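Here's work_38.txt, which has compact mmCIF, C-alpha atoms and all ligand atoms:
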```txt
# COMPACT_ATOMS: atom_id res chain seq x y z
CA MET A 1 162.95 54.57 173.70
CA ARG A 2 160.03 56.76 174.66
CA CYS A 3 160.57 60.43 175.40
CA PRO A 4 162.43 60.95 178.68
CA SER A 5 160.40 62.68 181.37
CA LEU A 6 161.11 66.34 181.92
CA ASP A 7 162.86 65.48 185.18
CA ARG A 8 165.17 63.04 183.45
CA LEU A 9 165.85 65.42 180.61
CA THR A 10 166.64 68.14 183.16
CA ASP A 11 169.03 65.80 184.99
CA TYR A 12 170.62 64.85 181.72
CA LEU A 13 171.23 68.47 180.76
CA ARG A 14 172.66 69.14 184.21
CA GLY A 15 175.11 66.26 183.75
CA PHE A 16 173.40 63.93 186.21
CA GLY A 17 172.21 60.37 185.75
CA VAL A 18 173.89 57.01 185.27
CA GLY A 19 175.87 56.34 182.13
CA THR A 20 173.49 53.89 180.46
CA GLU A 21 170.52 56.17 181.00
CA ARG A 22 172.46 59.18 179.74
CA ALA A 23 173.40 57.20 176.67
CA THR A 24 169.77 56.27 175.99
CA ILE A 25 168.62 59.87 176.32
CA GLN A 26 171.49 61.03 174.13
CA GLU A 27 170.45 58.51 171.51
CA HIS A 28 166.82 59.66 171.68
CA LEU A 29 167.83 63.31 171.28
CA ASN A 30 170.09 62.41 168.36
CA MET A 31 167.08 60.90 166.63
CA GLY A 32 165.65 64.43 166.52
CA CYS A 33 162.41 63.88 168.43
CA PRO A 34 160.72 67.29 167.94
CA ASP A 35 159.10 67.34 171.39
CA CYS A 36 162.36 66.66 173.19
CA GLN A 37 164.22 69.07 170.95
CA GLN A 38 161.86 71.79 172.01
CA ASN A 39 161.98 70.84 175.69
CA GLN A 40 165.75 70.77 175.49
CA GLN A 41 165.83 74.21 173.93
CA TRP A 42 163.73 75.66 176.71
CA LEU A 43 165.72 73.96 179.44
CA LEU A 44 169.01 75.09 177.96
CA ALA A 45 167.72 78.63 177.60
CA VAL A 46 166.76 78.65 181.26
CA LYS A 47 170.09 77.13 182.24
CA ARG A 48 171.86 79.90 180.35
CA ILE A 49 170.09 82.67 182.21
CA ALA A 50 170.31 80.93 185.57
CA PRO A 51 173.45 81.18 187.74
CA LEU A 52 176.16 78.99 186.27
CA ASP A 53 177.22 76.97 189.27
CA ASP A 54 176.85 73.41 190.44
CA SER A 55 174.01 74.19 192.77
CA PHE A 56 171.93 75.23 189.83
CA GLU A 57 168.25 74.55 190.34
CA PHE A 58 165.30 75.59 188.26
CA PRO A 59 163.27 78.00 190.32
CA ALA A 60 159.68 76.78 190.68
CA ALA A 61 158.29 79.83 188.92
CA VAL A 62 160.61 79.35 185.95
CA THR A 63 159.72 75.68 185.70
CA ALA A 64 156.05 76.56 185.79
CA HIS A 65 156.64 79.09 183.06
CA ILE A 66 158.41 76.54 180.88
CA LEU A 67 155.67 74.00 181.46
CA SER A 68 153.11 76.54 180.35
CA TRP A 69 154.92 76.72 177.00
CA MET A 70 155.41 73.02 176.53
CA PRO A 71 153.90 71.77 173.30
CA THR A 72 152.85 68.54 175.04
CA LYS A 73 150.57 70.43 177.37
CA PRO A 74 146.93 69.95 176.37
CA VAL A 75 145.81 72.98 174.44
CA ARG A 76 142.78 74.65 175.89
CA THR A 77 140.34 75.15 173.07
CA PRO A 78 138.65 78.53 173.02
CA LEU A 79 135.02 78.52 174.02
CA ARG A 80 132.68 78.39 171.08
CA THR A 81 130.26 81.27 170.78
CA LEU A 82 126.66 80.37 170.08
CA LEU A 83 124.51 83.08 168.59
CA ALA A 84 121.04 82.76 170.08
CA GLN A 85 118.04 83.16 167.80
CA LEU A 86 115.00 85.18 168.78
CA ILE A 87 112.05 82.78 168.89
CA PHE A 88 109.40 84.88 170.54
CA ASP A 89 108.87 88.56 171.26
CA SER A 90 105.67 89.61 173.00
CA PHE A 91 106.00 93.06 171.40
CA ALA A 92 106.09 91.53 167.95
CA ALA A 93 102.63 90.00 168.25
CA PRO A 94 100.50 90.76 165.21
CA PRO A 95 98.95 94.17 165.79
CA LEU A 96 95.19 94.51 165.87
CA ALA A 97 95.60 97.27 163.34
CA GLU A 98 91.99 97.50 162.18
CA VAL A 99 90.50 98.12 165.56
CA ARG A 100 93.28 100.01 167.24
CA SER A 101 93.11 103.76 167.09
CA ALA A 102 96.17 105.98 167.38
CA THR A 103 95.04 106.87 170.86
CA MET A 104 94.98 103.26 171.92
CA ALA A 105 98.46 102.67 170.53
CA ASP A 106 99.76 105.67 172.44
CA ALA A 107 98.13 104.45 175.58
CA GLN A 108 99.80 101.08 175.21
CA ALA A 109 103.25 102.57 174.64
CA ASP A 110 102.82 104.64 177.79
CA SER A 111 101.95 101.66 179.87
CA PHE A 112 105.05 99.62 179.15
CA VAL A 113 104.66 96.84 181.62
CA ALA A 114 106.72 93.90 180.51
CA ARG A 115 108.24 92.50 177.39
CA GLN A 116 108.83 88.80 177.08
CA LEU A 117 111.58 87.48 174.83
CA LEU A 118 112.66 83.93 174.16
CA TYR A 119 115.99 83.07 172.57
CA GLN A 120 117.20 79.63 171.63
CA VAL A 121 120.39 77.98 170.48
CA ASP A 122 121.61 74.38 170.57
CA GLY A 123 118.87 73.13 172.87
CA ILE A 124 119.46 76.01 175.30
CA ASP A 125 116.67 78.49 176.05
CA VAL A 126 117.24 82.00 177.29
CA ASP A 127 114.00 83.49 178.59
CA LEU A 128 114.07 87.22 179.15
CA ARG A 129 111.57 89.54 180.74
CA ILE A 130 112.03 93.29 180.66
CA GLU A 131 110.04 95.20 183.22
CA LYS A 132 109.65 98.86 183.95
CA ALA A 133 110.83 99.63 187.45
CA ALA A 134 108.47 101.07 190.03
CA ASP A 135 110.21 104.43 189.72
CA ALA A 136 109.23 104.38 186.01
CA ALA A 137 112.68 105.74 185.09
CA SER A 138 114.63 102.53 184.77
CA PHE A 139 114.13 98.96 183.72
CA GLU A 140 114.79 95.56 185.11
CA LEU A 141 115.96 92.53 183.18
CA LEU A 142 114.96 89.12 184.47
CA GLY A 143 116.26 86.05 182.80
CA GLN A 144 116.35 82.32 182.99
CA VAL A 145 118.65 79.93 181.18
CA LEU A 146 117.18 76.48 180.58
CA ARG A 147 119.00 73.55 179.09
CA GLN A 148 117.86 70.04 178.53
CA ASP A 149 121.24 68.32 178.55
CA VAL A 150 122.40 69.11 182.10
CA PRO A 151 120.62 69.33 185.47
CA GLN A 152 119.33 72.85 185.96
CA ALA A 153 121.28 73.16 189.24
CA ASP A 154 124.54 72.84 187.29
CA LEU A 155 123.90 76.29 185.87
CA ALA A 156 124.29 77.89 189.30
CA GLY A 157 127.17 80.33 189.38
CA GLN A 158 127.59 80.66 185.63
CA VAL A 159 128.19 84.25 184.62
CA VAL A 160 125.93 86.55 182.67
CA HIS A 161 127.38 89.74 181.22
CA LEU A 162 125.32 92.65 180.03
CA TRP A 163 126.83 95.71 178.47
CA GLN A 164 126.66 98.47 175.96
CA ASP A 165 129.31 100.87 174.80
CA ASP A 166 128.80 103.58 177.39
CA ILE A 167 128.86 101.53 180.55
CA PRO A 168 131.22 98.95 182.02
CA PRO A 169 129.89 95.39 181.70
CA ILE A 170 127.52 94.27 184.41
CA ALA A 171 128.19 90.72 185.62
CA VAL A 172 125.76 88.58 187.58
CA ASN A 173 125.61 84.88 188.40
CA LEU A 174 122.87 82.42 187.60
CA ASP A 175 121.15 81.02 190.66
CA ALA A 176 120.27 77.37 191.26
CA GLU A 177 117.31 77.72 188.92
CA GLY A 178 119.39 79.28 186.18
CA MET A 179 117.83 82.67 186.86
CA PHE A 180 119.33 86.12 187.06
CA ARG A 181 118.13 89.67 187.60
CA ILE A 182 119.69 92.99 186.67
CA ALA A 183 118.01 96.14 187.90
CA SER A 184 118.34 99.90 187.31
CA LEU A 185 118.95 99.71 183.57
CA SER A 186 118.57 102.82 181.50
CA PRO A 187 116.81 102.42 178.16
CA GLU A 188 119.47 101.31 175.69
CA ILE A 189 120.34 98.51 173.34
CA TYR A 190 122.46 96.03 175.25
CA GLU A 191 124.45 92.93 174.46
CA LEU A 192 124.04 89.87 176.65
CA ARG A 193 126.41 86.96 177.06
CA VAL A 194 126.00 83.85 179.14
CA THR A 195 129.25 81.99 179.72
CA LEU A 196 128.69 78.25 180.19
CA PRO A 197 131.43 75.63 180.61
CA ASP A 198 131.05 74.49 177.02
CA GLY A 199 130.34 77.73 175.23
CA VAL A 200 129.23 81.32 175.29
CA ILE A 201 125.68 82.18 174.36
CA ALA A 202 125.54 85.57 172.73
CA ILE A 203 122.52 87.78 172.24
CA PRO A 204 123.99 90.79 170.48
CA GLU A 205 121.05 93.19 170.70
CA ILE A 206 118.47 93.48 173.42
CA THR A 207 116.39 96.60 173.43
CA ILE A 208 115.66 97.60 176.98
CA GLY A 209 112.86 100.11 177.22
CA GLU A 210 111.34 102.06 174.39
CA VAL A 211 114.49 102.82 172.45
ZN ZN B 1 161.17 62.58 172.57
```
How does the structure come out when it is put into structure tokens?
Ligand SMILES: [Zn+2]
Amino acid sequence: MRCPSLDRLTDYLRGFGVGTERATIQEHLNMGCPDCQQNQQWLLAVKRIAPLDDSFEFPAAVTAHILSWMPTKPVRTPLRTLLAQLIFDSFAAPPLAEVRSATMADAQADSFVARQLLYQVDGIDVDLRIEKAADAASFELLGQVLRQDVPQADLAGQVVHLWQDDIPPIAVNLDAEGMFRIASLSPEIYELRVTLPDGVIAIPEITIGEV
């Protein structure tokens, strides 16, 4: 016979059920089916700690707890983490070393306007733009996640986390265009993670500002 359902096994252990069915279940258990052995162990353990009277019922919460431990329950595989590769960095453009004087370089560093970064992994693009805020003291991170394999609108609501050791993680959601914006960032090296249904995209080091 196939494995008895949990209901039937429960009835069996409580002494319910018609004779022929009880005999069939007994026979199945005697064969040593590992799944049913385990289910039986759990059910008996619960029965032991539950009040020992005829009105014995498994409380819903206990049943739910047992079910959460059942080996037959589909195992949720942990999300894979995809390490995104830096493809483009506007600050890494080849310097015009020959013509640039020290003064010019200083002037450019002072006028930090925006840095454009592009990361890629598994056909997924993460476009980042770091801008100096109007108050000149903090920075703003603008991002867009682009993927070719799902409609862009499916990205809406997915969570982006940004953090570094000294601050609690900042969480924002992607909008319907896969975009997000995080303002008021102090200059630091941050880690960014985008959690998608099929994996987590990790960018371990983003330098915000002139660190
Ligand atoms: Zn079985």
**Request:** Please identify every polymer residue within 7 Å of ligand ZN 1 (chain B), using all atoms listed in the file, and present the set as a list in words.
**Result:** Arg2, Cys3, Pro4, His28, Leu29, Cys33, Pro34, Asp35 and Cys36 of chain A
**Request:** Find the residues near region 152-166 of chain A: any atom within 7 Å, counting only C-alpha atoms, skip ones fewer than 5 places away on the same chain, and give them as number ranges by chain.
**Result:** A: 146-147, 171-178, 189-196
**Message:** Counting only C-alpha atoms, which residue out of A:Arg181, A:Ile167, A:Lys132, A:Glu188 sits closest to Val145 (chain A)?
**Reply:**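 Checking each of A:Arg181, A:Ile167, A:Lys132, A:Glu188 against Val145 (chain A), counting only C-alpha atoms, the winner is A:Arg181.
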**Request:** Extract, using only C-alpha atoms, all DNA, RNA and protein residues at most 6 Å from Phe139 (chain A), discarding same-chain residues fewer than 6 positions from it, and format them as a PyMOL selection string.
**Result:** chain A and resi 131-133+184-185
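Distance-wise, CA of Asp89 (chain A) and CA of Gln116 (chain A) end up 5.8 Å apart.
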**Message:** I'd like to know which of A:Leu43, A:Ile130, A:Ile182, A:Val113 is closest to Leu6 (chain A), using all atoms listed in the file.
**Reply:** A:Leu43
**Request:** Tell me, as a ChimeraX atom specification, which residues lie within 9 Å of Gly199 (chain A), counting all atoms listed in the file; anything in the same chain fewer than 5 positions away does not count.
**Result:** /A:78-82,194
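Ranking A:Met179, A:Val150, A:Ala23, A:Ile206 by their shortest atom-to-atom distance to Ile124 (chain A), with all atoms listed in the file included, puts A:Val150 first.
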**Message:** Excluding Thr24 (chain A) and its own-chain neighbours fewer than 6 positions away, which residues fall within 12 Å of it when counting only C-alpha atoms? Please give them as a ChimeraX atom specification.
**Reply:** /A:1-4,8-9,12,17-18,30-31
